[in-house]
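Asker: File name work.cif; file contents mmCIF, C-alpha atoms; full text below.
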data_model
loop_
_atom_site.group_PDB
_atom_site.id
_atom_site.type_symbol
_atom_site.label_atom_id
_atom_site.label_comp_id
_atom_site.auth_asym_id
_atom_site.auth_seq_id
_atom_site.Cartn_x
_atom_site.Cartn_y
_atom_site.Cartn_z
ATOM 1 C CA ARG Y 1 56.917 121.661 86.194
ATOM 2 C CA ASN Y 2 57.495 125.094 87.612
ATOM 3 C CA LEU Y 3 56.213 127.659 85.122
ATOM 4 C CA LEU Y 4 56.771 131.352 84.600
ATOM 5 C CA GLN Y 5 54.077 132.956 82.490
ATOM 6 C CA TYR Y 6 54.675 136.414 81.036
ATOM 7 C CA GLN Y 7 51.610 138.277 79.771
ATOM 8 C CA LEU Y 8 52.243 139.752 76.303
ATOM 9 C CA TRP Y 9 48.856 141.394 75.730
ATOM 10 C CA GLY Y 10 45.328 141.317 77.087
ATOM 11 C CA GLU Y 11 44.206 140.741 80.671
ATOM 12 C CA LYS Y 12 43.291 137.603 82.546
ATOM 13 C CA ARG Y 13 42.529 136.709 86.130
ATOM 14 C CA VAL Y 14 44.803 134.013 87.532
ATOM 15 C CA LEU Y 15 43.712 131.784 90.408
ATOM 16 C CA LEU Y 16 46.195 129.399 92.045
ATOM 17 C CA VAL Y 17 45.175 126.702 94.534
ATOM 18 C CA PRO Y 18 47.800 124.728 96.478
ATOM 19 C CA PRO Y 19 47.601 120.917 96.545
ATOM 20 C CA SER Y 20 46.868 121.168 100.278
ATOM 21 C CA SER Y 21 43.325 122.135 99.225
ATOM 22 C CA SER Y 22 42.920 119.556 96.445
ATOM 23 C CA ARG Y 23 40.136 117.680 98.231
ATOM 24 C CA LYS Y 24 38.062 120.858 98.335
ATOM 25 C CA LEU Y 25 38.136 120.900 94.522
ATOM 26 C CA LEU Y 26 36.767 117.323 94.287
ATOM 27 C CA PRO Y 27 39.580 116.315 91.920
ATOM 28 C CA LEU Y 28 39.333 113.613 89.303
ATOM 29 C CA ALA Y 29 42.800 113.014 87.852
ATOM 30 C CA ASN Y 30 44.129 116.458 86.923
ATOM 31 C CA ASN Y 31 40.692 118.039 86.610
ATOM 32 C CA ALA Y 32 38.410 119.454 89.285
ATOM 33 C CA MET Y 33 34.671 118.991 89.709
ATOM 34 C CA VAL Y 34 34.499 122.306 91.594
ATOM 35 C CA SER Y 35 35.438 125.340 89.550
ATOM 36 C CA PRO Y 36 35.413 129.117 89.947
ATOM 37 C CA GLN Y 37 34.061 129.479 86.425
ATOM 38 C CA GLY Y 38 31.280 132.038 86.308
ATOM 39 C CA HIS Y 39 31.967 133.358 89.809
ATOM 40 C CA THR Y 40 32.004 137.123 90.170
ATOM 41 C CA GLY Y 41 32.624 139.604 92.968
ATOM 42 C CA ALA Y 42 31.921 138.373 96.500
ATOM 43 C CA GLU Y 43 31.162 134.827 95.282
ATOM 44 C CA ASN Y 44 34.640 134.641 93.748
ATOM 45 C CA GLU Y 45 36.267 136.028 96.908
ATOM 46 C CA ARG Y 46 34.501 133.363 99.006
ATOM 47 C CA PHE Y 47 35.703 130.643 96.661
ATOM 48 C CA VAL Y 48 39.324 131.852 96.833
ATOM 49 C CA ARG Y 49 39.197 131.931 100.659
ATOM 50 C CA TYR Y 50 37.539 128.494 100.784
ATOM 51 C CA VAL Y 51 40.333 126.866 98.749
ATOM 52 C CA ASP Y 52 43.107 128.908 100.437
ATOM 53 C CA GLY Y 53 43.978 130.192 96.990
ATOM 54 C CA TYR Y 54 45.701 133.196 95.502
ATOM 55 C CA GLN Y 55 44.437 135.363 92.689
ATOM 56 C CA ALA Y 56 45.612 138.318 90.672
ATOM 57 C CA LEU Y 57 44.808 140.204 87.517
ATOM 58 C CA LEU Y 58 47.623 139.676 85.030
ATOM 59 C CA ARG Y 59 48.199 142.605 82.664
ATOM 60 C CA PRO Y 60 50.649 143.054 79.756
ATOM 61 C CA GLY Y 61 54.224 143.183 81.010
ATOM 62 C CA GLU Y 62 53.418 141.261 84.218
ATOM 63 C CA ALA Y 63 54.326 137.675 85.040
ATOM 64 C CA VAL Y 64 53.127 134.948 87.376
ATOM 65 C CA PHE Y 65 55.186 132.074 88.761
ATOM 66 C CA MET Y 66 53.308 128.791 89.131
ATOM 67 C CA PRO Y 67 55.031 126.103 91.207
ATOM 68 C CA ALA Y 68 54.872 122.581 89.852
ATOM 69 C CA LEU Y 69 51.683 120.712 90.814
ATOM 70 C CA ILE Y 70 49.675 123.806 91.756
ATOM 71 C CA TRP Y 71 46.075 123.937 90.542
ATOM 72 C CA HIS Y 72 45.484 126.902 88.268
ATOM 73 C CA TYR Y 73 42.557 128.560 86.580
ATOM 74 C CA PHE Y 74 42.542 131.442 84.084
ATOM 75 C CA ASP Y 75 39.590 133.742 83.506
ATOM 76 C CA TYR Y 76 40.279 135.598 80.261
ATOM 77 C CA ARG Y 77 38.925 139.132 80.390
ATOM 78 C CA GLU Y 78 39.719 139.665 76.723
ATOM 79 C CA THR Y 79 41.725 138.106 73.947
ATOM 80 C CA SER Y 80 45.211 137.717 75.295
ATOM 81 C CA MET Y 81 48.516 136.016 74.745
ATOM 82 C CA ALA Y 82 51.224 134.922 77.150
ATOM 83 C CA LEU Y 83 54.677 133.416 76.905
ATOM 84 C CA THR Y 84 55.202 130.405 79.163
ATOM 85 C CA LEU Y 85 58.634 129.242 80.311
ATOM 86 C CA ARG Y 86 58.798 125.702 81.656
ATOM 87 C CA PHE Y 87 61.524 124.634 84.056
ATOM 88 C CA HIS Y 88 63.031 121.171 84.436
ATOM 89 C CA ARG Y 89 61.534 118.727 86.915
ATOM 90 C CA ASN Y 90 63.548 117.521 89.891
ATOM 91 C CA PRO Y 91 64.204 113.739 90.066
ATOM 92 C CA PHE Y 92 61.287 113.136 92.464
ATOM 93 C CA ILE Y 93 58.716 114.939 90.309
ATOM 94 C CA LYS Y 94 60.102 113.402 87.108
ATOM 95 C CA PHE Y 95 59.928 109.842 88.444
ATOM 96 C CA LEU Y 96 56.484 110.137 90.015
ATOM 97 C CA SER Y 97 54.899 111.918 87.038
ATOM 98 C CA GLU Y 98 56.290 109.421 84.548
ATOM 99 C CA ASN Y 99 55.634 106.254 86.533
ATOM 100 C CA LEU Y 100 52.404 106.726 88.496
ATOM 101 C CA HIS Y 101 48.757 107.219 87.709
ATOM 102 C CA THR Y 102 47.253 110.663 88.366
ATOM 103 C CA ASP Y 103 45.800 111.144 91.855
ATOM 104 C CA TYR Y 104 45.556 114.055 94.286
ATOM 105 C CA ARG Y 105 47.233 111.993 97.028
ATOM 106 C CA ILE Y 106 50.241 111.349 94.816
ATOM 107 C CA GLN Y 107 50.168 115.046 93.852
ATOM 108 C CA ALA Y 108 50.282 115.916 97.577
ATOM 109 C CA LEU Y 109 53.272 113.647 98.222
ATOM 110 C CA THR Y 110 55.037 115.061 95.160
ATOM 111 C CA TRP Y 111 54.345 118.600 96.433
ATOM 112 C CA LYS Y 112 56.205 117.648 99.623
ATOM 113 C CA LEU Y 113 59.185 116.591 97.457
ATOM 114 C CA GLN Y 114 59.166 119.655 95.217
ATOM 115 C CA ASP Y 115 62.107 121.283 96.976
ATOM 116 C CA GLU Y 116 64.744 118.551 97.148
ATOM 117 C CA ARG Y 117 66.591 120.331 99.958
ATOM 118 C CA ALA Y 118 63.469 120.733 102.126
ATOM 119 C CA ALA Y 119 61.969 117.259 101.593
ATOM 120 C CA THR Y 120 61.259 115.640 104.958
ATOM 121 C CA PRO Y 121 62.665 112.191 105.809
ATOM 122 C CA GLU Y 122 59.058 110.884 105.910
ATOM 123 C CA ALA Y 123 58.409 112.126 102.343
ATOM 124 C CA ARG Y 124 61.697 110.626 101.133
ATOM 125 C CA ARG Y 125 60.854 107.256 102.736
ATOM 126 C CA ALA Y 126 57.432 107.299 101.044
ATOM 127 C CA PHE Y 127 59.110 108.009 97.700
ATOM 128 C CA GLU Y 128 61.569 105.136 98.216
ATOM 129 C CA GLU Y 129 58.708 102.764 99.056
ATOM 130 C CA ILE Y 130 56.882 103.763 95.868
ATOM 131 C CA GLN Y 131 60.069 103.259 93.834
ATOM 132 C CA ALA Y 132 60.550 99.794 95.337
ATOM 133 C CA THR Y 133 56.914 98.872 94.653
ATOM 134 C CA ILE Y 134 57.149 99.965 91.019
ATOM 135 C CA ALA Y 135 60.309 97.868 90.626
ATOM 136 C CA ARG Y 136 58.607 94.790 92.155
ATOM 137 C CA PRO Y 137 57.331 92.256 89.626
ATOM 138 C CA ILE Y 138 53.545 92.185 89.962
ATOM 139 C CA GLU Y 139 52.042 90.593 86.857
ATOM 140 C CA ASP Y 140 48.630 92.275 86.870
ATOM 141 C CA PRO Y 141 48.956 96.043 86.169
ATOM 142 C CA GLN Y 142 45.541 96.760 87.745
ATOM 143 C CA GLU Y 143 46.538 94.913 90.924
ATOM 144 C CA LYS Y 144 49.792 96.885 91.072
ATOM 145 C CA GLY Y 145 47.850 100.131 90.536
ATOM 146 C CA ALA Y 146 45.435 99.280 93.349
ATOM 147 C CA TYR Y 147 48.353 98.492 95.671
ATOM 148 C CA LEU Y 148 50.077 101.779 94.791
ATOM 149 C CA GLN Y 149 46.804 103.589 95.470
ATOM 150 C CA GLU Y 150 46.648 102.011 98.941
ATOM 151 C CA LEU Y 151 50.197 103.233 99.567
ATOM 152 C CA ALA Y 152 49.257 106.736 98.385
ATOM 153 C CA ASP Y 153 46.221 106.761 100.692
ATOM 154 C CA GLY Y 154 48.417 105.927 103.685
ATOM 155 C CA PHE Y 155 51.121 108.405 102.720
ATOM 156 C CA TYR Y 156 48.570 111.191 102.375
ATOM 157 C CA SER Y 157 47.541 110.978 106.009
ATOM 158 C CA ARG Y 158 51.092 110.402 107.310
ATOM 159 C CA VAL Y 159 53.185 112.709 105.112
ATOM 160 C CA CYS Y 160 50.579 115.438 104.543
ATOM 161 C CA PRO Y 161 48.776 115.901 107.878
ATOM 162 C CA ASP Y 162 48.745 119.662 107.226
ATOM 163 C CA PHE Y 163 46.650 119.132 104.077
ATOM 164 C CA PHE Y 164 42.846 119.120 104.130
ATOM 165 C CA GLN Y 165 41.877 115.666 105.435
ATOM 166 C CA GLY Y 166 38.076 115.777 105.336
ATOM 167 C CA GLU Y 167 36.037 113.967 102.718
ATOM 168 C CA LEU Y 168 33.813 116.253 100.699
ATOM 169 C CA ALA Y 169 33.330 114.053 97.663
ATOM 170 C CA PRO Y 170 30.102 112.144 97.111
ATOM 171 C CA PRO Y 171 30.545 108.360 97.519
ATOM 172 C CA TYR Y 172 30.449 107.720 93.777
ATOM 173 C CA GLN Y 173 33.540 109.871 93.225
ATOM 174 C CA GLU Y 174 35.896 107.208 94.612
ATOM 175 C CA LEU Y 175 34.314 104.786 92.127
ATOM 176 C CA LEU Y 176 34.946 107.307 89.334
ATOM 177 C CA ARG Y 177 38.547 107.702 90.490
ATOM 178 C CA ALA Y 178 39.028 103.918 90.411
ATOM 179 C CA VAL Y 179 37.608 103.682 86.883
ATOM 180 C CA TRP Y 180 39.797 106.617 85.791
ATOM 181 C CA ARG Y 181 42.862 104.949 87.360
ATOM 182 C CA GLN Y 182 42.121 101.665 85.550
ATOM 183 C CA THR Y 183 41.702 103.503 82.242
ATOM 184 C CA GLU Y 184 44.892 105.492 82.729
ATOM 185 C CA ILE Y 185 46.830 102.330 83.606
ATOM 186 C CA ARG Y 186 45.610 100.666 80.394
ATOM 187 C CA GLU Y 187 46.078 103.709 78.143
ATOM 188 C CA ARG Y 188 49.542 104.629 79.403
ATOM 189 C CA SER Y 189 50.598 100.967 79.780
ATOM 190 C CA LEU Y 190 51.519 101.675 83.395
ATOM 191 C CA TYR Y 191 52.753 98.939 85.714
ATOM 192 C CA ALA Y 192 52.919 96.330 82.943
ATOM 193 C CA PRO Y 193 55.617 93.676 83.426
ATOM 194 C CA ALA Y 194 58.783 94.280 81.427
ATOM 195 C CA GLN Y 195 58.822 92.552 78.041
ATOM 196 C CA LYS Y 196 61.259 89.622 77.866
#
Before anything else, please render the file you have as structure tokens.
Answerer:
Amino acid sequence: RNLLQYQLWGEKRVLLVPPSSSRKLLPLANNAMVSPQGHTGAENERFVRYVDGYQALLRPGEAVFMPALIWHYFDYRETSMALTLRFHRNPFIKFLSENLHTDYRIQALTWKLQDERAATPEARRAFEEIQATIARPIEDPQEKGAYLQELADGFYSRVCPDFFQGELAPPYQELLRAVWRQTEIRERSLYAPAQK
């Protein structure tokens, strides 16, 4: 969801990283293995440049807008409180977030669909193919999840060529992602055939 966060009291540093840099964060589901936690001064500035991020110090009376799907990190300088307003999700974001496992490639495709009016024909076709695949009767949820992951892999390179394409993750991370996907499919009962 798009969020607007209004700082009531206290200060915090806000860091936002676009999904185009997700691979640089070594993501696992909606968490990152690379974090700015503990960075100070020049080290922090290097990190922000590396991930093509944005940062600001949020003080009382100030607000930050966070687009849906953007990575965010807060460094609390002191005890603070903020009011967060959450906006509705467009039909693309709603469908994909409710019906698919968590993955940075799916996040990237969803980012391309965030503005319904600006969504490219390629992104819309990818969405329609995912919808059709979810509707298809595949008995084994894990098999369906693996097939959807293959689709997401292909869409990432075709629909998001402007996103970081290199592989920075150690080889075991793809294994971790697969295990996480299998767990999420079981826990959320994703891709299970409809009950008769």
Asker: Tell me which residues the PyMOL selection byres ((chain Y and resi 62-65) around 6) grabs here, as a list in words.
Answerer: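 Output of the PyMOL selection byres ((chain Y and resi 62-65) around 6): Leu3, Leu4, Gln5, Tyr6, Gln7, Arg59, Pro60, Gly61 and Met66 of chain Y.
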Asker: Between Y:Tyr104, Y:Leu96, Y:Gln142, Y:Phe127, single out the one closest to Y:Gln182, counting all atoms listed in the file.
Answerer: Y:Gln142
Asker: Using only C-alpha atoms, find the one residue out of Y:Ala82, Y:Ala135, Y:Leu69, Y:Met33 that sits nearest to Y:Trp111.
Answerer: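 For Y:Trp111, the nearest of the candidates is Y:Leu69.
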Asker: Would you be able to write out as a ChimeraX atom specification which residues have an atom within 12 Å of (47.6, 100.5, 82.3) in the file's coordinates, counting only C-alpha atoms?
Answerer: /Y:99-102,139-146,179-193
Asker: Figure out the distance between atom CA of Y:Thr110 and atom CA of Y:Leu58, please, to one decimal in Å.
Answerer: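 Spanning atom CA of Y:Leu58 to atom CA of Y:Thr110 is a straight-line distance of 27.6 Å.
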Asker: Residues near Y:Asn44, anyone? I mean within 12 Å using only C-alpha atoms, not counting same-chain ones fewer than 3 positions away, as an MDAnalysis selection string.
Answerer: chainID Y and resid 13:15 35:41 47:51 53:56 75
Asker: Report the distance between atom CA of Y:Trp9 and atom CA of Y:Ser80 in Å, rounded to one decimal place.
Answerer: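 Straight-line distance from atom CA of Y:Trp9 to atom CA of Y:Ser80 works out to 5.2 Å.
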Asker: Find the residues near Y:Leu26: any atom within 9 Å, counting only C-alpha atoms, skip ones fewer than 3 places away on the same chain, and give them as a PyMOL selection string.
Answerer: chain Y and resi 22-23+31-34+168-170+173
Asker: Could you state the separation of atom CA of Y:Arg158 and atom CA of Y:Glu122 in Å, given to one decimal place?
Answerer: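 Interatomic distance, atom CA of Y:Arg158 to atom CA of Y:Glu122: 8.1 Å.
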Asker: With all atoms listed in the file as the atoms that count, which of Y:Phe155, Y:Asp103, Y:Thr133, Y:Arg89 lies nearest to Y:Glu116?
Answerer: Y:Arg89
Asker: Using all atoms listed in the file, pick whichever of Y:Arg86, Y:Lys94, Y:Arg105, Y:Lys112 has the shortest atom-to-atom distance to Y:Asn2.
Answerer: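 Closest to Y:Asn2, using all atoms listed in the file: Y:Arg86.
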Asker: Which is closest to Y:Ala152 among Y:Ala68, Y:Ile106, Y:Leu57, Y:Ala42, if we use only C-alpha atoms?
Answerer: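 Result for the nearest residue to Y:Ala152: Y:Ile106.
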Asker: Counting all atoms listed in the file, select every polymer residue within 8 Å of (44.8, 119.5, 96.7) as defined in the file's coordinates, and provide the selection as a PyMOL selection string.
Answerer: chain Y and resi 17-25+27+71+104-105+107-108+163-164
Asker: So that I can look at just that part, could you write stretch 31-170 of chain Y with C-alpha atoms, as a PDB file, in the first residue's frame?
Answerer:
ATOM      1  CA  ASN Y  31      13.230  -9.001   4.527  1.00  0.00           C
ATOM      2  CA  ALA Y  32      16.737  -8.060   3.441  1.00  0.00           C
ATOM      3  CA  MET Y  33      20.025  -9.737   4.307  1.00  0.00           C
ATOM      4  CA  VAL Y  34      21.840  -6.433   3.710  1.00  0.00           C
ATOM      5  CA  SER Y  35      20.879  -3.649   6.075  1.00  0.00           C
ATOM      6  CA  PRO Y  36      22.019  -0.116   6.871  1.00  0.00           C
ATOM      7  CA  GLN Y  37      21.703  -0.848  10.576  1.00  0.00           C
ATOM      8  CA  GLY Y  38      24.680   0.505  12.475  1.00  0.00           C
ATOM      9  CA  HIS Y  39      25.979   2.546   9.539  1.00  0.00           C
ATOM     10  CA  THR Y  40      27.047   6.085  10.341  1.00  0.00           C
ATOM     11  CA  GLY Y  41      28.381   9.054   8.399  1.00  0.00           C
ATOM     12  CA  ALA Y  42      30.253   8.262   5.181  1.00  0.00           C
ATOM     13  CA  GLU Y  43      29.477   4.526   5.465  1.00  0.00           C
ATOM     14  CA  ASN Y  44      25.757   5.329   5.476  1.00  0.00           C
ATOM     15  CA  GLU Y  45      26.113   7.708   2.514  1.00  0.00           C
ATOM     16  CA  ARG Y  46      27.901   4.981   0.518  1.00  0.00           C
ATOM     17  CA  PHE Y  47      25.145   2.511   1.319  1.00  0.00           C
ATOM     18  CA  VAL Y  48      22.410   4.933   0.196  1.00  0.00           C
ATOM     19  CA  ARG Y  49      24.244   5.598  -3.098  1.00  0.00           C
ATOM     20  CA  TYR Y  50      24.867   1.869  -3.631  1.00  0.00           C
ATOM     21  CA  VAL Y  51      21.152   1.019  -3.361  1.00  0.00           C
ATOM     22  CA  ASP Y  52      20.029   4.162  -5.254  1.00  0.00           C
ATOM     23  CA  GLY Y  53      18.065   5.076  -2.158  1.00  0.00           C
ATOM     24  CA  TYR Y  54      16.670   8.203  -0.580  1.00  0.00           C
ATOM     25  CA  GLN Y  55      17.043   9.281   3.012  1.00  0.00           C
ATOM     26  CA  ALA Y  56      15.872  12.081   5.243  1.00  0.00           C
ATOM     27  CA  LEU Y  57      15.626  13.006   8.881  1.00  0.00           C
ATOM     28  CA  LEU Y  58      11.966  13.101   9.872  1.00  0.00           C
ATOM     29  CA  ARG Y  59      11.148  15.606  12.622  1.00  0.00           C
ATOM     30  CA  PRO Y  60       7.857  16.401  14.411  1.00  0.00           C
ATOM     31  CA  GLY Y  61       5.375  17.992  12.029  1.00  0.00           C
ATOM     32  CA  GLU Y  62       7.018  16.473   8.926  1.00  0.00           C
ATOM     33  CA  ALA Y  63       5.709  13.631   6.789  1.00  0.00           C
ATOM     34  CA  VAL Y  64       7.101  11.086   4.357  1.00  0.00           C
ATOM     35  CA  PHE Y  65       5.230   9.400   1.515  1.00  0.00           C
ATOM     36  CA  MET Y  66       6.191   5.776   0.893  1.00  0.00           C
ATOM     37  CA  PRO Y  67       4.964   4.257  -2.376  1.00  0.00           C
ATOM     38  CA  ALA Y  68       3.619   0.733  -2.186  1.00  0.00           C
ATOM     39  CA  LEU Y  69       6.323  -1.954  -2.419  1.00  0.00           C
ATOM     40  CA  ILE Y  70       9.240   0.340  -1.577  1.00  0.00           C
ATOM     41  CA  TRP Y  71      11.827  -1.014   0.859  1.00  0.00           C
ATOM     42  CA  HIS Y  72      12.061   1.127   3.969  1.00  0.00           C
ATOM     43  CA  TYR Y  73      14.238   1.337   7.031  1.00  0.00           C
ATOM     44  CA  PHE Y  74      13.858   3.568  10.099  1.00  0.00           C
ATOM     45  CA  ASP Y  75      16.712   4.545  12.388  1.00  0.00           C
ATOM     46  CA  TYR Y  76      15.136   5.956  15.546  1.00  0.00           C
ATOM     47  CA  ARG Y  77      17.240   8.751  16.996  1.00  0.00           C
ATOM     48  CA  GLU Y  78      15.055   8.911  20.089  1.00  0.00           C
ATOM     49  CA  THR Y  79      11.704   7.723  21.321  1.00  0.00           C
ATOM     50  CA  SER Y  80       9.212   8.822  18.733  1.00  0.00           C
ATOM     51  CA  MET Y  81       5.700   8.333  17.486  1.00  0.00           C
ATOM     52  CA  ALA Y  82       4.172   8.685  14.044  1.00  0.00           C
ATOM     53  CA  LEU Y  83       0.719   8.479  12.533  1.00  0.00           C
ATOM     54  CA  THR Y  84       0.522   6.269   9.447  1.00  0.00           C
ATOM     55  CA  LEU Y  85      -2.207   6.604   6.823  1.00  0.00           C
ATOM     56  CA  ARG Y  86      -2.631   3.628   4.514  1.00  0.00           C
ATOM     57  CA  PHE Y  87      -4.172   4.009   1.077  1.00  0.00           C
ATOM     58  CA  HIS Y  88      -6.162   1.418  -0.855  1.00  0.00           C
ATOM     59  CA  ARG Y  89      -4.380  -0.948  -3.219  1.00  0.00           C
ATOM     60  CA  ASN Y  90      -5.085  -0.850  -6.942  1.00  0.00           C
ATOM     61  CA  PRO Y  91      -6.515  -4.070  -8.476  1.00  0.00           C
ATOM     62  CA  PHE Y  92      -3.089  -5.256  -9.691  1.00  0.00           C
ATOM     63  CA  ILE Y  93      -1.390  -4.865  -6.305  1.00  0.00           C
ATOM     64  CA  LYS Y  94      -4.391  -6.324  -4.463  1.00  0.00           C
ATOM     65  CA  PHE Y  95      -4.534  -9.439  -6.645  1.00  0.00           C
ATOM     66  CA  LEU Y  96      -0.800 -10.124  -6.668  1.00  0.00           C
ATOM     67  CA  SER Y  97      -0.320  -9.541  -2.930  1.00  0.00           C
ATOM     68  CA  GLU Y  98      -3.249 -11.762  -2.004  1.00  0.00           C
ATOM     69  CA  ASN Y  99      -2.590 -14.578  -4.462  1.00  0.00           C
ATOM     70  CA  LEU Y 100       1.179 -14.959  -4.855  1.00  0.00           C
ATOM     71  CA  HIS Y 101       4.087 -15.926  -2.670  1.00  0.00           C
ATOM     72  CA  THR Y 102       6.532 -13.178  -1.656  1.00  0.00           C
ATOM     73  CA  ASP Y 103       9.457 -12.667  -4.045  1.00  0.00           C
ATOM     74  CA  TYR Y 104      11.476  -9.669  -5.217  1.00  0.00           C
ATOM     75  CA  ARG Y 105      10.743 -10.517  -8.867  1.00  0.00           C
ATOM     76  CA  ILE Y 106       7.009 -10.415  -8.225  1.00  0.00           C
ATOM     77  CA  GLN Y 107       7.565  -7.198  -6.237  1.00  0.00           C
ATOM     78  CA  ALA Y 108       9.345  -5.736  -9.294  1.00  0.00           C
ATOM     79  CA  LEU Y 109       6.495  -6.660 -11.646  1.00  0.00           C
ATOM     80  CA  THR Y 110       3.966  -5.245  -9.178  1.00  0.00           C
ATOM     81  CA  TRP Y 111       6.012  -2.020  -8.978  1.00  0.00           C
ATOM     82  CA  LYS Y 112       5.597  -1.707 -12.756  1.00  0.00           C
ATOM     83  CA  LEU Y 113       1.806  -1.988 -12.267  1.00  0.00           C
ATOM     84  CA  GLN Y 114       1.588   0.453  -9.368  1.00  0.00           C
ATOM     85  CA  ASP Y 115       0.251   3.284 -11.510  1.00  0.00           C
ATOM     86  CA  GLU Y 116      -2.622   1.731 -13.455  1.00  0.00           C
ATOM     87  CA  ARG Y 117      -2.513   4.491 -16.072  1.00  0.00           C
ATOM     88  CA  ALA Y 118       1.238   4.118 -16.707  1.00  0.00           C
ATOM     89  CA  ALA Y 119       1.423   0.301 -16.731  1.00  0.00           C
ATOM     90  CA  THR Y 120       3.129  -0.879 -19.915  1.00  0.00           C
ATOM     91  CA  PRO Y 121       1.439  -3.414 -22.220  1.00  0.00           C
ATOM     92  CA  GLU Y 122       4.260  -5.876 -21.372  1.00  0.00           C
ATOM     93  CA  ALA Y 123       3.537  -5.557 -17.622  1.00  0.00           C
ATOM     94  CA  ARG Y 124      -0.203  -5.977 -18.221  1.00  0.00           C
ATOM     95  CA  ARG Y 125       0.395  -9.109 -20.335  1.00  0.00           C
ATOM     96  CA  ALA Y 126       2.593 -10.562 -17.572  1.00  0.00           C
ATOM     97  CA  PHE Y 127      -0.163  -9.872 -15.036  1.00  0.00           C
ATOM     98  CA  GLU Y 128      -2.763 -11.561 -17.261  1.00  0.00           C
ATOM     99  CA  GLU Y 129      -0.522 -14.616 -17.659  1.00  0.00           C
ATOM    100  CA  ILE Y 130      -0.124 -14.873 -13.881  1.00  0.00           C
ATOM    101  CA  GLN Y 131      -3.896 -14.549 -13.419  1.00  0.00           C
ATOM    102  CA  ALA Y 132      -4.504 -17.319 -15.961  1.00  0.00           C
ATOM    103  CA  THR Y 133      -1.913 -19.567 -14.297  1.00  0.00           C
ATOM    104  CA  ILE Y 134      -3.463 -19.083 -10.858  1.00  0.00           C
ATOM    105  CA  ALA Y 135      -6.877 -19.962 -12.308  1.00  0.00           C
ATOM    106  CA  ARG Y 136      -5.500 -23.141 -13.951  1.00  0.00           C
ATOM    107  CA  PRO Y 137      -6.163 -26.347 -12.019  1.00  0.00           C
ATOM    108  CA  ILE Y 138      -2.776 -27.695 -10.941  1.00  0.00           C
ATOM    109  CA  GLU Y 139      -3.265 -30.209  -8.135  1.00  0.00           C
ATOM    110  CA  ASP Y 140       0.093 -29.865  -6.382  1.00  0.00           C
ATOM    111  CA  PRO Y 141       0.441 -26.399  -4.752  1.00  0.00           C
ATOM    112  CA  GLN Y 142       4.258 -26.684  -4.663  1.00  0.00           C
ATOM    113  CA  GLU Y 143       4.358 -27.501  -8.383  1.00  0.00           C
ATOM    114  CA  LYS Y 144       2.118 -24.511  -9.119  1.00  0.00           C
ATOM    115  CA  GLY Y 145       4.358 -22.299  -6.955  1.00  0.00           C
ATOM    116  CA  ALA Y 146       7.476 -23.467  -8.795  1.00  0.00           C
ATOM    117  CA  TYR Y 147       5.806 -22.774 -12.150  1.00  0.00           C
ATOM    118  CA  LEU Y 148       4.751 -19.285 -11.022  1.00  0.00           C
ATOM    119  CA  GLN Y 149       8.319 -18.663  -9.868  1.00  0.00           C
ATOM    120  CA  GLU Y 150       9.607 -19.593 -13.338  1.00  0.00           C
ATOM    121  CA  LEU Y 151       7.140 -17.109 -14.830  1.00  0.00           C
ATOM    122  CA  ALA Y 152       8.295 -14.414 -12.389  1.00  0.00           C
ATOM    123  CA  ASP Y 153      11.940 -15.079 -13.291  1.00  0.00           C
ATOM    124  CA  GLY Y 154      11.178 -14.572 -16.984  1.00  0.00           C
ATOM    125  CA  PHE Y 155       9.042 -11.496 -16.387  1.00  0.00           C
ATOM    126  CA  TYR Y 156      11.776  -9.891 -14.304  1.00  0.00           C
ATOM    127  CA  SER Y 157      14.228  -9.845 -17.185  1.00  0.00           C
ATOM    128  CA  ARG Y 158      11.611  -8.903 -19.812  1.00  0.00           C
ATOM    129  CA  VAL Y 159       9.408  -6.405 -17.956  1.00  0.00           C
ATOM    130  CA  CYS Y 160      12.075  -4.911 -15.674  1.00  0.00           C
ATOM    131  CA  PRO Y 161      15.227  -4.566 -17.802  1.00  0.00           C
ATOM    132  CA  ASP Y 162      15.901  -1.224 -16.086  1.00  0.00           C
ATOM    133  CA  PHE Y 163      16.167  -2.976 -12.704  1.00  0.00           C
ATOM    134  CA  PHE Y 164      19.457  -4.325 -11.351  1.00  0.00           C
ATOM    135  CA  GLN Y 165      20.011  -7.629 -13.181  1.00  0.00           C
ATOM    136  CA  GLY Y 166      23.262  -8.887 -11.659  1.00  0.00           C
ATOM    137  CA  GLU Y 167      23.396 -11.710  -9.150  1.00  0.00           C
ATOM    138  CA  LEU Y 168      24.978 -10.729  -5.867  1.00  0.00           C
ATOM    139  CA  ALA Y 169      23.492 -13.431  -3.680  1.00  0.00           C
ATOM    140  CA  PRO Y 170      25.544 -16.422  -2.579  1.00  0.00           C
TER     141      PRO Y 170
END
